[in-house]
>>> print(open('structure.cif').read())   # mmCIF, C-alpha atoms
data_structure
#
loop_
_atom_site.group_PDB
_atom_site.id
_atom_site.type_symbol
_atom_site.label_atom_id
_atom_site.label_comp_id
_atom_site.auth_asym_id
_atom_site.auth_seq_id
_atom_site.Cartn_x
_atom_site.Cartn_y
_atom_site.Cartn_z
ATOM 1 C CA MET A 682 -3.128 12.711 14.789
ATOM 2 C CA PRO A 683 -3.279 8.911 14.713
ATOM 3 C CA LEU A 684 -2.032 6.552 12.055
ATOM 4 C CA ALA A 685 -2.724 7.410 8.404
ATOM 5 C CA GLY A 686 -3.256 4.871 5.630
ATOM 6 C CA VAL A 687 -1.502 5.271 2.271
ATOM 7 C CA ILE A 688 -2.164 3.258 -0.882
ATOM 8 C CA LEU A 689 0.541 3.330 -3.538
ATOM 9 C CA ALA A 690 -1.268 2.950 -6.879
ATOM 10 C CA ALA A 691 0.725 5.154 -9.253
ATOM 11 C CA GLY A 692 2.569 2.496 -11.230
ATOM 12 C CA ARG A 693 2.135 1.972 -14.944
ATOM 13 C CA SER A 694 1.104 -1.708 -14.548
ATOM 14 C CA ALA A 695 2.983 -2.283 -17.810
ATOM 15 C CA ARG A 696 3.525 -6.013 -17.318
ATOM 16 C CA MET A 697 -0.082 -6.506 -16.207
ATOM 17 C CA GLY A 698 -1.414 -4.639 -19.232
ATOM 18 C CA THR A 699 -4.200 -2.964 -17.254
ATOM 19 C CA PRO A 700 -4.249 -0.865 -14.060
ATOM 20 C CA LYS A 701 -3.736 -3.189 -11.083
ATOM 21 C CA ALA A 702 -5.861 -0.868 -8.963
ATOM 22 C CA LEU A 703 -8.910 -1.825 -11.021
ATOM 23 C CA LEU A 704 -8.426 -5.607 -11.015
ATOM 24 C CA ASP A 705 -11.178 -7.522 -9.231
ATOM 25 C CA PHE A 706 -10.515 -9.146 -5.872
ATOM 26 C CA ARG A 707 -13.514 -10.822 -4.251
ATOM 27 C CA GLY A 708 -16.003 -8.624 -6.083
ATOM 28 C CA ALA A 709 -14.293 -5.240 -5.773
ATOM 29 C CA PRO A 710 -11.296 -3.500 -7.353
ATOM 30 C CA PHE A 711 -7.963 -3.967 -5.566
ATOM 31 C CA ILE A 712 -7.903 -0.305 -4.549
ATOM 32 C CA VAL A 713 -11.392 -0.466 -3.024
ATOM 33 C CA ARG A 714 -10.516 -3.631 -1.088
ATOM 34 C CA ILE A 715 -7.569 -1.864 0.513
ATOM 35 C CA LEU A 716 -9.644 1.249 1.286
ATOM 36 C CA GLU A 717 -12.219 -1.037 2.918
ATOM 37 C CA ALA A 718 -9.421 -2.571 4.986
ATOM 38 C CA PHE A 719 -8.367 0.925 6.097
ATOM 39 C CA GLU A 720 -11.982 1.635 7.025
ATOM 40 C CA ALA A 721 -12.187 -1.638 9.002
ATOM 41 C CA LEU A 722 -8.939 -0.708 10.768
ATOM 42 C CA ASP A 723 -10.494 2.689 11.598
ATOM 43 C CA LEU A 724 -7.801 4.667 9.792
ATOM 44 C CA LYS A 725 -9.569 7.991 9.331
ATOM 45 C CA THR A 726 -6.898 9.630 7.183
ATOM 46 C CA ARG A 727 -6.501 7.799 3.875
ATOM 47 C CA VAL A 728 -4.266 8.866 1.017
ATOM 48 C CA VAL A 729 -4.290 7.244 -2.413
ATOM 49 C CA VAL A 730 -1.384 7.988 -4.736
ATOM 50 C CA LEU A 731 -2.282 7.692 -8.417
ATOM 51 C CA GLY A 732 -0.265 7.970 -11.606
ATOM 52 C CA PRO A 733 -0.948 7.772 -15.343
ATOM 53 C CA ASP A 734 -4.237 5.893 -14.903
ATOM 54 C CA ALA A 735 -5.679 8.427 -12.454
ATOM 55 C CA ALA A 736 -8.553 9.370 -14.757
ATOM 56 C CA ARG A 737 -9.680 5.733 -14.927
ATOM 57 C CA ILE A 738 -9.257 5.082 -11.183
ATOM 58 C CA ARG A 739 -10.750 8.275 -9.684
ATOM 59 C CA PRO A 740 -14.403 7.318 -10.421
ATOM 60 C CA VAL A 741 -13.966 4.085 -8.434
ATOM 61 C CA LEU A 742 -12.866 6.152 -5.431
ATOM 62 C CA ALA A 743 -15.780 8.605 -5.583
ATOM 63 C CA THR A 744 -17.745 6.953 -2.771
ATOM 64 C CA HIS A 745 -14.749 6.603 -0.443
ATOM 65 C CA ASP A 746 -13.391 9.217 1.905
ATOM 66 C CA CYS A 747 -9.772 9.617 0.830
ATOM 67 C CA LEU A 748 -7.297 12.230 -0.278
ATOM 68 C CA ILE A 749 -6.118 11.588 -3.827
ATOM 69 C CA VAL A 750 -2.573 12.622 -4.688
ATOM 70 C CA GLU A 751 -0.991 12.297 -8.108
ATOM 71 C CA ASN A 752 2.616 11.226 -8.499
ATOM 72 C CA LEU A 753 3.955 13.258 -11.408
ATOM 73 C CA ASP A 754 7.295 11.415 -11.332
ATOM 74 C CA VAL A 755 6.145 7.823 -11.900
ATOM 75 C CA ASP A 756 9.455 6.897 -13.523
ATOM 76 C CA ALA A 757 11.171 7.447 -10.156
ATOM 77 C CA GLY A 758 9.296 4.437 -8.785
ATOM 78 C CA PRO A 759 7.342 3.827 -5.580
ATOM 79 C CA ILE A 760 9.662 6.021 -3.534
ATOM 80 C CA ALA A 761 8.348 9.044 -5.478
ATOM 81 C CA SER A 762 4.790 7.982 -4.634
ATOM 82 C CA LEU A 763 5.720 7.677 -0.996
ATOM 83 C CA ARG A 764 7.246 11.152 -1.060
ATOM 84 C CA ALA A 765 4.065 12.541 -2.659
ATOM 85 C CA ALA A 766 1.934 10.905 0.046
ATOM 86 C CA LEU A 767 4.154 12.139 2.868
ATOM 87 C CA SER A 768 4.116 15.635 1.425
ATOM 88 C CA ALA A 769 0.307 15.582 1.337
ATOM 89 C CA LEU A 770 0.211 14.265 4.910
ATOM 90 C CA GLN A 771 2.679 16.801 6.292
ATOM 91 C CA PRO A 772 0.083 19.461 7.239
ATOM 92 C CA LEU A 773 -2.002 16.769 8.976
ATOM 93 C CA ARG A 774 0.975 15.522 11.030
ATOM 94 C CA PRO A 775 -0.034 11.869 11.476
ATOM 95 C CA ALA A 776 1.866 9.851 14.066
ATOM 96 C CA ALA A 777 2.902 7.464 11.275
ATOM 97 C CA ALA A 778 1.750 6.110 7.937
ATOM 98 C CA LEU A 779 0.758 2.568 7.071
ATOM 99 C CA VAL A 780 1.800 2.166 3.433
ATOM 100 C CA TRP A 781 0.055 -0.519 1.371
ATOM 101 C CA PRO A 782 0.958 -1.253 -2.284
ATOM 102 C CA VAL A 783 -2.158 -1.616 -4.416
ATOM 103 C CA ASP A 784 -1.037 -4.974 -5.781
ATOM 104 C CA LEU A 785 -1.359 -6.674 -2.384
ATOM 105 C CA PRO A 786 -5.143 -6.624 -1.774
ATOM 106 C CA HIS A 787 -5.003 -10.098 -0.284
ATOM 107 C CA VAL A 788 -2.863 -9.291 2.769
ATOM 108 C CA ARG A 789 -4.860 -10.457 5.764
ATOM 109 C CA ILE A 790 -6.412 -7.817 8.018
ATOM 110 C CA ALA A 791 -5.040 -9.780 10.982
ATOM 111 C CA THR A 792 -1.526 -9.282 9.584
ATOM 112 C CA VAL A 793 -2.029 -5.534 9.386
ATOM 113 C CA GLU A 794 -3.579 -5.449 12.854
ATOM 114 C CA ARG A 795 -0.463 -7.199 14.226
ATOM 115 C CA LEU A 796 1.717 -4.671 12.421
ATOM 116 C CA ILE A 797 -0.214 -1.752 13.890
ATOM 117 C CA GLU A 798 -0.204 -3.280 17.376
ATOM 118 C CA THR A 799 3.554 -3.865 17.188
ATOM 119 C CA TRP A 800 4.070 -0.269 16.068
ATOM 120 C CA ARG A 801 1.946 1.028 18.946
ATOM 121 C CA ARG A 802 3.787 -1.125 21.469
ATOM 122 C CA GLU A 803 7.345 -0.699 20.161
ATOM 123 C CA ARG A 804 7.382 2.806 18.694
ATOM 124 C CA PRO A 805 4.485 4.846 20.095
ATOM 125 C CA GLY A 806 6.329 8.123 19.573
ATOM 126 C CA ALA A 807 7.592 7.369 16.086
ATOM 127 C CA VAL A 808 7.041 9.936 13.391
ATOM 128 C CA VAL A 809 6.939 9.632 9.637
ATOM 129 C CA PRO A 810 10.534 10.071 8.459
ATOM 130 C CA ALA A 811 11.240 13.135 6.370
ATOM 131 C CA PHE A 812 13.760 11.298 4.169
ATOM 132 C CA GLY A 813 16.493 13.770 4.975
ATOM 133 C CA GLY A 814 20.121 13.275 4.052
ATOM 134 C CA ARG A 815 21.149 11.916 0.704
ATOM 135 C CA PRO A 816 18.540 11.491 -2.034
ATOM 136 C CA VAL A 817 16.939 8.068 -2.402
ATOM 137 C CA THR A 818 16.980 6.730 -5.954
ATOM 138 C CA ARG A 819 14.573 4.352 -7.667
ATOM 139 C CA THR A 820 17.059 1.487 -7.485
ATOM 140 C CA GLU A 821 17.489 1.950 -3.746
ATOM 141 C CA GLY A 822 13.873 2.668 -2.840
ATOM 142 C CA ALA A 823 12.589 1.164 0.389
ATOM 143 C CA ARG A 824 15.933 -0.431 1.240
ATOM 144 C CA ALA A 825 17.547 2.997 1.477
ATOM 145 C CA VAL A 826 14.731 4.300 3.659
ATOM 146 C CA LEU A 827 15.020 1.305 5.990
ATOM 147 C CA ARG A 828 18.797 1.713 6.150
ATOM 148 C CA GLU A 829 18.459 5.428 6.888
ATOM 149 C CA HIS A 830 15.988 4.739 9.707
ATOM 150 C CA ALA A 831 17.319 1.440 11.032
ATOM 151 C CA SER A 832 16.983 2.575 14.654
ATOM 152 C CA GLN A 833 13.238 3.109 14.097
ATOM 153 C CA THR A 834 12.688 -0.250 12.395
ATOM 154 C CA VAL A 835 10.979 -3.177 14.079
ATOM 155 C CA THR A 836 10.977 -6.609 12.442
ATOM 156 C CA LEU A 837 7.721 -8.506 12.687
ATOM 157 C CA ALA A 838 7.597 -12.241 11.979
ATOM 158 C CA GLY A 839 4.515 -13.378 10.153
ATOM 159 C CA ASP A 840 2.853 -16.219 8.350
ATOM 160 C CA ASP A 841 0.940 -14.299 5.674
ATOM 161 C CA PRO A 842 2.422 -15.233 2.276
ATOM 162 C CA ALA A 843 0.609 -12.316 0.637
ATOM 163 C CA VAL A 844 3.062 -9.773 2.069
ATOM 164 C CA VAL A 845 5.774 -11.006 -0.303
ATOM 165 C CA ASP A 846 3.585 -11.961 -3.262
ATOM 166 C CA ASP A 847 4.293 -10.573 -6.706
ATOM 167 C CA LEU A 848 1.290 -9.632 -8.818
ATOM 168 C CA ASN A 849 2.860 -8.157 -11.911
ATOM 169 C CA THR A 850 1.559 -10.224 -14.837
ATOM 170 C CA PRO A 851 -1.791 -11.601 -15.976
ATOM 171 C CA GLU A 852 -0.504 -15.054 -14.983
ATOM 172 C CA ASP A 853 0.181 -13.817 -11.442
ATOM 173 C CA TYR A 854 -3.334 -12.422 -11.270
ATOM 174 C CA GLU A 855 -4.845 -15.678 -12.570
ATOM 175 C CA ARG A 856 -2.932 -17.565 -9.866
ATOM 176 C CA LEU A 857 -4.344 -15.219 -7.200
ATOM 177 C CA VAL A 858 -7.897 -15.705 -8.484
ATOM 178 C CA ARG A 859 -7.453 -19.498 -8.527
ATOM 179 C CA GLU A 860 -6.077 -19.524 -4.958
ATOM 180 C CA VAL A 861 -8.798 -17.242 -3.615
ATOM 181 C CA ASN A 862 -11.574 -19.185 -5.315
ATOM 182 C CA ARG A 863 -10.285 -22.748 -4.849
ATOM 183 C CA ASP A 864 -12.497 -23.363 -1.824
ATOM 184 C CA ALA A 865 -15.559 -21.634 -3.301
ATOM 185 C CA TYR A 866 -16.639 -24.583 -5.447
#
>>> encode(input="structure.cif", output="structure tokens")
Amino acid sequence: MPLAGVILAAGRSARMGTPKALLDFRGAPFIVRILEAFEALDLKTRVVVLGPDAARIRPVLATHDCLIVENLDVDAGPIASLRAALSALQPLRPAAALVWPVDLPHVRIATVERLIETWRRERPGAVVPAFGGRPVTRTEGARAVLREHASQTVTLAGDDPAVVDDLNTPEDYERLVREVNRDAY
């Protein structure tokens, strides 16, 4: 099976005060924008991991072809969401998973295309890691996964500031809206 797309959208969005997945970005909720990116990238298998706001987010996903998984251990952080997604993907055996946090709807498609192309060129036989060995804790998260699989990691230089953006507060969101719309008027 080819590459699968995973959206991590299970957080509490406590600092934002409202589910980030439902915030508007260029006329559509964050989560829909990312699903549309997956569709444009021709990722047929799409998994969305939801948490406490699942009941509010599910209706927005009704017209999109995706597998919805609920993370029942939200307090364990994004690593628990990733585990839930990988568990759901296991029977489908994708070659790899492209994981996209819901609070980064503004990452350029070209950036993701470069990432996918680099993966295809550098690691065509790579598989989704099973996270064996010692347990990964919330405080370690992605760093522990990268450390555990350092031999399978490829560093990709880029110029897309969105990949390191933080959208955690209403002020962060207002900044994003201002930046996106600054050339519209």
>>> residues_around(input="structure.cif", residues="Leu857 (chain A)", least_positions_apart="5", cutoff="12 Å", atoms="all atoms listed in the file", output="number ranges by chain")
A: 704-707, 711, 784-788, 842-843, 846-852, 862-863
>>> resolve_selection(input="structure.cif", expression="the PyMOL selection byres ((chain A and resi 769) around 12)", output="VMD selection string")
chain A and resid 685 687 726 to 730 747 to 752 762 to 768 770 to 775 778
>>> write_last_selection(input="structure.cif", atoms="C-alpha atoms", output="PDB file, in the coordinates of the input")
ATOM      1  CA  ALA A 685      -2.724   7.410   8.404  1.00  0.00           C
ATOM      2  CA  VAL A 687      -1.502   5.271   2.271  1.00  0.00           C
ATOM      3  CA  THR A 726      -6.898   9.630   7.183  1.00  0.00           C
ATOM      4  CA  ARG A 727      -6.501   7.799   3.875  1.00  0.00           C
ATOM      5  CA  VAL A 728      -4.266   8.866   1.017  1.00  0.00           C
ATOM      6  CA  VAL A 729      -4.290   7.244  -2.413  1.00  0.00           C
ATOM      7  CA  VAL A 730      -1.384   7.988  -4.736  1.00  0.00           C
ATOM      8  CA  CYS A 747      -9.772   9.617   0.830  1.00  0.00           C
ATOM      9  CA  LEU A 748      -7.297  12.230  -0.278  1.00  0.00           C
ATOM     10  CA  ILE A 749      -6.118  11.588  -3.827  1.00  0.00           C
ATOM     11  CA  VAL A 750      -2.573  12.622  -4.688  1.00  0.00           C
ATOM     12  CA  GLU A 751      -0.991  12.297  -8.108  1.00  0.00           C
ATOM     13  CA  ASN A 752       2.616  11.226  -8.499  1.00  0.00           C
ATOM     14  CA  SER A 762       4.790   7.982  -4.634  1.00  0.00           C
ATOM     15  CA  LEU A 763       5.720   7.677  -0.996  1.00  0.00           C
ATOM     16  CA  ARG A 764       7.246  11.152  -1.060  1.00  0.00           C
ATOM     17  CA  ALA A 765       4.065  12.541  -2.659  1.00  0.00           C
ATOM     18  CA  ALA A 766       1.934  10.905   0.046  1.00  0.00           C
ATOM     19  CA  LEU A 767       4.154  12.139   2.868  1.00  0.00           C
ATOM     20  CA  SER A 768       4.116  15.635   1.425  1.00  0.00           C
ATOM     21  CA  LEU A 770       0.211  14.265   4.910  1.00  0.00           C
ATOM     22  CA  GLN A 771       2.679  16.801   6.292  1.00  0.00           C
ATOM     23  CA  PRO A 772       0.083  19.461   7.239  1.00  0.00           C
ATOM     24  CA  LEU A 773      -2.002  16.769   8.976  1.00  0.00           C
ATOM     25  CA  ARG A 774       0.975  15.522  11.030  1.00  0.00           C
ATOM     26  CA  PRO A 775      -0.034  11.869  11.476  1.00  0.00           C
ATOM     27  CA  ALA A 778       1.750   6.110   7.937  1.00  0.00           C
TER      28      ALA A 778
END
>>> axis_aligned_box(input="structure.cif", around="region 694-706 of chain A", padding_each_side="8 Å", output="JSON")
{"center_x": -3.8, "center_y": -5.0, "center_z": -12.6, "size_x": 30.7, "size_y": 24.3, "size_z": 29.4}
>>> resolve_selection(input="structure.cif", expression="the PyMOL selection byres ((chain A and resi 797-799) around 10)", output="list in words")
Leu684, Leu722, Leu779, Ala791, Thr792, Val793, Glu794, Arg795, Leu796, Trp800, Arg801, Arg802, Glu803, Arg804, Pro805, Val835, Thr836 and Leu837 of chain A
>>> closest_residue(input="structure.cif", among="A:Ala825, A:Ala777, A:Arg714, A:Gly692", to="Asp734 (chain A)", atoms="all atoms listed in the file")
A:Gly692
>>> atom_distance(input="structure.cif", atom1="CA of His745 (chain A)", atom2="CA of Glu717 (chain A)")
8.7 Å
>>> closest_residue(input="structure.cif", among="A:Asp756, A:Glu855, A:Glu720, A:Asp841", to="Met697 (chain A)", atoms="only C-alpha atoms")
A:Glu855
>>> atom_distance(input="structure.cif", atom1="CA of Asp840 (chain A)", atom2="CA of Ala690 (chain A)")
24.8 Å
>>> atom_distance(input="structure.cif", atom1="CA of Ala721 (chain A)", atom2="CA of Ile738 (chain A)")
21.5 Å
>>> build_atoms(input="structure.cif", residues="region 734-763 of chain A", atoms="N, CA and C atoms", output="PDB file, keeping the file's coordinate frame")
ATOM      1  N   ASP A 734      -2.869   6.387 -14.747  1.00  0.00           N
ATOM      2  CA  ASP A 734      -4.237   5.893 -14.903  1.00  0.00           C
ATOM      3  C   ASP A 734      -5.220   6.584 -13.964  1.00  0.00           C
ATOM      4  N   ALA A 735      -4.838   7.719 -13.429  1.00  0.00           N
ATOM      5  CA  ALA A 735      -5.679   8.427 -12.454  1.00  0.00           C
ATOM      6  C   ALA A 735      -7.090   8.675 -12.965  1.00  0.00           C
ATOM      7  N   ALA A 736      -7.223   9.064 -14.212  1.00  0.00           N
ATOM      8  CA  ALA A 736      -8.553   9.370 -14.757  1.00  0.00           C
ATOM      9  C   ALA A 736      -9.458   8.143 -14.749  1.00  0.00           C
ATOM     10  N   ARG A 737      -8.890   6.969 -14.934  1.00  0.00           N
ATOM     11  CA  ARG A 737      -9.680   5.733 -14.927  1.00  0.00           C
ATOM     12  C   ARG A 737      -9.988   5.265 -13.499  1.00  0.00           C
ATOM     13  N   ILE A 738      -9.116   5.592 -12.557  1.00  0.00           N
ATOM     14  CA  ILE A 738      -9.257   5.082 -11.183  1.00  0.00           C
ATOM     15  C   ILE A 738     -10.111   6.003 -10.312  1.00  0.00           C
ATOM     16  N   ARG A 739     -10.022   7.309 -10.526  1.00  0.00           N
ATOM     17  CA  ARG A 739     -10.750   8.275  -9.684  1.00  0.00           C
ATOM     18  C   ARG A 739     -12.242   7.958  -9.527  1.00  0.00           C
ATOM     19  N   PRO A 740     -12.968   7.595 -10.597  1.00  0.00           N
ATOM     20  CA  PRO A 740     -14.403   7.318 -10.421  1.00  0.00           C
ATOM     21  C   PRO A 740     -14.684   6.175  -9.434  1.00  0.00           C
ATOM     22  N   VAL A 741     -13.802   5.216  -9.355  1.00  0.00           N
ATOM     23  CA  VAL A 741     -13.966   4.085  -8.434  1.00  0.00           C
ATOM     24  C   VAL A 741     -13.836   4.551  -6.987  1.00  0.00           C
ATOM     25  N   LEU A 742     -13.115   5.641  -6.774  1.00  0.00           N
ATOM     26  CA  LEU A 742     -12.866   6.152  -5.431  1.00  0.00           C
ATOM     27  C   LEU A 742     -13.918   7.164  -4.973  1.00  0.00           C
ATOM     28  N   ALA A 743     -14.831   7.518  -5.853  1.00  0.00           N
ATOM     29  CA  ALA A 743     -15.780   8.605  -5.583  1.00  0.00           C
ATOM     30  C   ALA A 743     -16.598   8.406  -4.314  1.00  0.00           C
ATOM     31  N   THR A 744     -16.905   7.188  -3.956  1.00  0.00           N
ATOM     32  CA  THR A 744     -17.745   6.953  -2.771  1.00  0.00           C
ATOM     33  C   THR A 744     -16.916   6.683  -1.511  1.00  0.00           C
ATOM     34  N   HIS A 745     -15.621   6.857  -1.597  1.00  0.00           N
ATOM     35  CA  HIS A 745     -14.749   6.603  -0.443  1.00  0.00           C
ATOM     36  C   HIS A 745     -14.087   7.895   0.018  1.00  0.00           C
ATOM     37  N   ASP A 746     -14.007   8.042   1.313  1.00  0.00           N
ATOM     38  CA  ASP A 746     -13.391   9.217   1.905  1.00  0.00           C
ATOM     39  C   ASP A 746     -11.875   9.038   1.884  1.00  0.00           C
ATOM     40  N   CYS A 747     -11.231   9.705   0.933  1.00  0.00           N
ATOM     41  CA  CYS A 747      -9.772   9.617   0.830  1.00  0.00           C
ATOM     42  C   CYS A 747      -9.240  10.848   0.105  1.00  0.00           C
ATOM     43  N   LEU A 748      -7.997  11.151   0.394  1.00  0.00           N
ATOM     44  CA  LEU A 748      -7.297  12.230  -0.278  1.00  0.00           C
ATOM     45  C   LEU A 748      -6.557  11.609  -1.458  1.00  0.00           C
ATOM     46  N   ILE A 749      -6.786  12.115  -2.640  1.00  0.00           N
ATOM     47  CA  ILE A 749      -6.118  11.588  -3.827  1.00  0.00           C
ATOM     48  C   ILE A 749      -4.962  12.504  -4.190  1.00  0.00           C
ATOM     49  N   VAL A 750      -3.794  11.902  -4.343  1.00  0.00           N
ATOM     50  CA  VAL A 750      -2.573  12.622  -4.688  1.00  0.00           C
ATOM     51  C   VAL A 750      -2.047  12.007  -5.973  1.00  0.00           C
ATOM     52  N   GLU A 751      -1.570  12.841  -6.880  1.00  0.00           N
ATOM     53  CA  GLU A 751      -0.991  12.297  -8.108  1.00  0.00           C
ATOM     54  C   GLU A 751       0.522  12.391  -8.059  1.00  0.00           C
ATOM     55  N   ASN A 752       1.167  11.288  -8.396  1.00  0.00           N
ATOM     56  CA  ASN A 752       2.616  11.226  -8.499  1.00  0.00           C
ATOM     57  C   ASN A 752       2.974  11.621  -9.927  1.00  0.00           C
ATOM     58  N   LEU A 753       3.591  12.768 -10.084  1.00  0.00           N
ATOM     59  CA  LEU A 753       3.955  13.258 -11.408  1.00  0.00           C
ATOM     60  C   LEU A 753       5.302  12.716 -11.879  1.00  0.00           C
ATOM     61  N   ASP A 754       5.976  11.961 -11.010  1.00  0.00           N
ATOM     62  CA  ASP A 754       7.295  11.415 -11.332  1.00  0.00           C
ATOM     63  C   ASP A 754       7.261   9.890 -11.231  1.00  0.00           C
ATOM     64  N   VAL A 755       6.353   9.269 -11.966  1.00  0.00           N
ATOM     65  CA  VAL A 755       6.145   7.823 -11.900  1.00  0.00           C
ATOM     66  C   VAL A 755       7.416   7.052 -12.241  1.00  0.00           C
ATOM     67  N   ASP A 756       8.233   7.595 -13.132  1.00  0.00           N
ATOM     68  CA  ASP A 756       9.455   6.897 -13.523  1.00  0.00           C
ATOM     69  C   ASP A 756      10.451   6.767 -12.373  1.00  0.00           C
ATOM     70  N   ALA A 757      10.285   7.541 -11.322  1.00  0.00           N
ATOM     71  CA  ALA A 757      11.171   7.447 -10.156  1.00  0.00           C
ATOM     72  C   ALA A 757      10.782   6.291  -9.242  1.00  0.00           C
ATOM     73  N   GLY A 758       9.679   5.618  -9.541  1.00  0.00           N
ATOM     74  CA  GLY A 758       9.296   4.437  -8.785  1.00  0.00           C
ATOM     75  C   GLY A 758       8.453   4.739  -7.560  1.00  0.00           C
ATOM     76  N   PRO A 759       8.205   3.688  -6.758  1.00  0.00           N
ATOM     77  CA  PRO A 759       7.342   3.827  -5.580  1.00  0.00           C
ATOM     78  C   PRO A 759       7.843   4.841  -4.556  1.00  0.00           C
ATOM     79  N   ILE A 760       9.140   5.057  -4.510  1.00  0.00           N
ATOM     80  CA  ILE A 760       9.662   6.021  -3.534  1.00  0.00           C
ATOM     81  C   ILE A 760       9.122   7.424  -3.831  1.00  0.00           C
ATOM     82  N   ALA A 761       8.926   7.746  -5.114  1.00  0.00           N
ATOM     83  CA  ALA A 761       8.348   9.044  -5.478  1.00  0.00           C
ATOM     84  C   ALA A 761       6.892   9.123  -5.033  1.00  0.00           C
ATOM     85  N   SER A 762       6.177   8.016  -5.116  1.00  0.00           N
ATOM     86  CA  SER A 762       4.790   7.982  -4.634  1.00  0.00           C
ATOM     87  C   SER A 762       4.746   8.164  -3.129  1.00  0.00           C
ATOM     88  N   LEU A 763       5.672   7.529  -2.447  1.00  0.00           N
ATOM     89  CA  LEU A 763       5.720   7.677  -0.996  1.00  0.00           C
ATOM     90  C   LEU A 763       6.024   9.128  -0.622  1.00  0.00           C
TER      91      LEU A 763
END
